[in-house]
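Trainee: What follows is a structure written as structure tokens; I'll ask about it next.
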Amino acid sequence: MKYDSGRIEKKWQKKWSEEKIYEISDKGEKFYHLVMFPYPSGDLHIGHWYNFAPSDVYARKKKMEGYKVLSPIGFDAFGLPAENAAIKRGIHPETWTYENIERMREQIVSMGPMYDWSKEVITCDSNYYKWTQWIFLELLKAGLAYRKKTPANFCPSCNTVLANEQVVEGRCERCDSEVVQKDIEQWLFNIRKYAEELLFSLKDVDWPEKTKLMQENWIGKSEGVEVEFTVEGKPLKVFTTRPDTLFGATYLVVSPEHPFLNDIKKTKVKNLDELEKYVMQARKKSERERTSEEKDKTGVKLEGVFAVNPLSGEEIPVFVGDYVLLHYGTGAIMAVPAHDKRDYSFAKKYGLPVKRVIRSESGLPYEGEGELVSSGKFTGINSDKAREEIIKHLKEKAKKKVNYRIRDWLVSRQRYWGAPIPIVYCKHCFQKEGKEGIDYTVFEGEEHAIVPVEEKDLPVALPYVEDFTPSKKGKSPLSRSDEFLITICPRCGKEARRETDTLDTFVCSSWYYLRYTDPHNDKAFADKKKIKEWLPVDIYIGGAEHTVLHLLYSRFITKVLRDAGHLSFSEPFLKLRHQGMILGPNGQKMSKSKGNVVDPDKEVKKHGADAVRMYLCFMGPYDQGGSWNPRGILGVKRFLERVWKMKENIEEEENEDLEKKLHQTIKKVTEDIDNLRFNTAISAMMTFLNKVQYLKKEQIKTLLLLLAPFAPHLTEEIWEDLGLKGSIHNEKWPTYNLSKTKEEKTTLIVQVSGKVRDKIEINAGTPEAKIKKLAKESEKVKKWIAGKKIKKVIIIKNKLVNIVIE
RNA sequence: GCCCGGGUGGUGAAACCGGUAAACACGCACGACUUAAAAUCGUGUGCCGUAAGGCUUGUGGGUUCGAGUCCCACCCCGGGCACCA
């Protein structure tokens, strides 16, 4: 019979689901295998396949090896794109989302993965976001969630604020619009408090070095010193990592928003008008504009104002410049133009003195370290030592300080399709309690007490509203629903207002891996025993684009929940691996406008899911991705056809050589899957089959077992055809006998002065003297060494001999 | 600018610890089967050369008996960060 992938795949998908063969067993060591859950964007695309199919191979092998494997799937269902798409199509985000989920579920099933659907999680289900809200309240309790009026990144197209991590080169991550700064009352999570731990516990996880490095850079730790200058009799602190260059400080620069300006402006500054104008201009500019003028720094000198260098006693001028950022360090710097290229370019522009204080051969600016010059009593000392001595000398005017680049996580979104923030604002409580002893905020222009919704009243349900379009003013659509907005204060029982912003979807996705262990629990986000049974995640597979978003947030939330006593581990994902990106056949990123999109449904129809799965595995290194070659899939398809035909080529004849090859193949496939080297695992099986005319039934069985994770449908069908009992996917992974993988004969490479001149078949373990003799006796070699003096002979056992001649 | 990856046949790629460069596959060529085509199977396939042989892993240099692999400099491609003091 012909190999009919369509018929076979439907048959087994149905059967597997009916017989629940992927239900998690209670035997064996636990293995939590996780893939990044998809966003229900419409149809499953080839990128999803590339995430799910090869990782499913990995999970299946683990299961066959006797682990009890949790391999769940779900949907990251809240978020801006659902709304944007719904608005475009004129349907409700909820309808759009659930319709997509239904379709994508079918498409996922068509891949033949071993997901246990009873564990499915959908973040926009109220039984899920109830716990997202609960986690918010946990953060609030721990003092890690706070409301603040702060300049925030606002996307004028999405009409909402965004987290720092969601702004890419000054543009909205989603829609690419230029982000503007806007002062709005916002909810933030204090991720900075965990900056140090987020940094140092990276050493405990097995992640790609690049990913760790990106997180490190994002957190951006820098150890330095706050040095106190005196400006017109008042202290002004600057942050520097190079106190050893203090003698080279020729001016100070403060950021335009620095509060110190308010004090000094009116009394001392002579060019007040110029200053005011500059500050106004700087405020108007977006961060993007300010940072894009990198090459051309601007500033205004505070005429009549001088700062005193605490170390040298020198009087130096003070500038306002927008290249100094308020939110980093102290918002003020000492400028050392000789040893900092930014200060150097500023100094050149404004004709300020440049004073070298570190000796070096190279020109200025010189940013390296070295021996101090022109630095008073510190002259002649080396940078590292000088730093310590200067700090000591300055006493309380210099304090060591660690700064982090990372900013707190802004979680409010002025959009409809998200989990409501479980907070109530109460005017009455504020009037009664006043500003002391109570958290209060400005809401709708008036002061209110901040009252958390009580746990028993969760979830705060997202109301079904007809008008969910975002407002241009950056106000949540929920504020238009009186039914939602007006509520009862949990504290005083009088009328109050609900928070109308929703939570960033990254809050939802920062804990879903916990929920998978116990998705239907309505007493807790997950049962403690279940969490202990499964977590942390043993391997997490997904794209690299989430490095500073989802992966960082998840680590943070894990640590918060640990400190609140809910978890007993510190890192959620012990091992992380990224899949690469699949490009269109033309080598470019797939996009509808370029017409190079590969539709997996069509490929499945044409070649079968098993072939598509395998081709994705075979294309190249998993973390590298590559362009889809429409002909490339034919290679694996031909291989599957040949496997299909093998069941007619059974012969029970001993073949020791073949048995050896088989054991080598088992070893190779086993090790390669472990290392996610799916491409070479497949080529090993191909190599094996290429050498084979007939197989014994036992050998076919072994081959099928090796192939089962890759081609679950085909192997199951042949398994049945061979009259074997049960599902192949409940069978044990084949083991190899190490002694059977060893060859008795090997090829000895004979080199003369490093060039290959002959190849000789020898027995493994041939002694060196014999090898030497064989090599010299070779006719081909004789030709090259005749009449030459042999300098030396190098022998690598079982492999190579190199006769070095003059 | 800084920090990471990566440059190997016509193409995707392979190569453990420095030891046969190009496994496996696509494509191509030829052959078998066929009235023919497709499919399938077989053979060949880095480059130059009839051959002997020579050359070949981005470029140039170095270490070594031996380098795709290690070291130095440079070029190109991809990704991240980008006034973070």
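Residue numbers start at 1 in each chain; chains themselves are named A, B, ... in the order of the structure tokens; ligands are numbered from 1 in the order shown.
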Can you check which residues of chain B have any atom within 12 Å of chain A? Use only C-alpha atoms (C1' of nucleotides) and format it as a ChimeraX atom specification.

Mentor: /B:1-6,11-16,19-20,23-27,39-41,53-54,64-67,78-85

Trainee: Hey, what's within 12 Å of B:G62 if we count only C-alpha atoms (C1' of nucleotides) and toss same-chain stuff fewer than 5 positions away? As number ranges by chain, please?

Mentor: B: 67, 70-73

Trainee: Identify all residues of stretch 556-700 of chain A in helix (DSSP H, G or I) (DSSP on the backbone) and supply them as a PyMOL selection string.

Mentor: chain A and resi 556-563+592-594+600-607+609-618+632-646+656-674+678-690+697-700

Trainee: For B:C75, work out the shell of residues within 12 Å, counting only C-alpha atoms (C1' of nucleotides) and skipping chain neighbours fewer than 6 positions away, then give it as a list in words.

Mentor: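 Here the qualifying residues turn out to be G7, G58, U59 and G60 of chain B.
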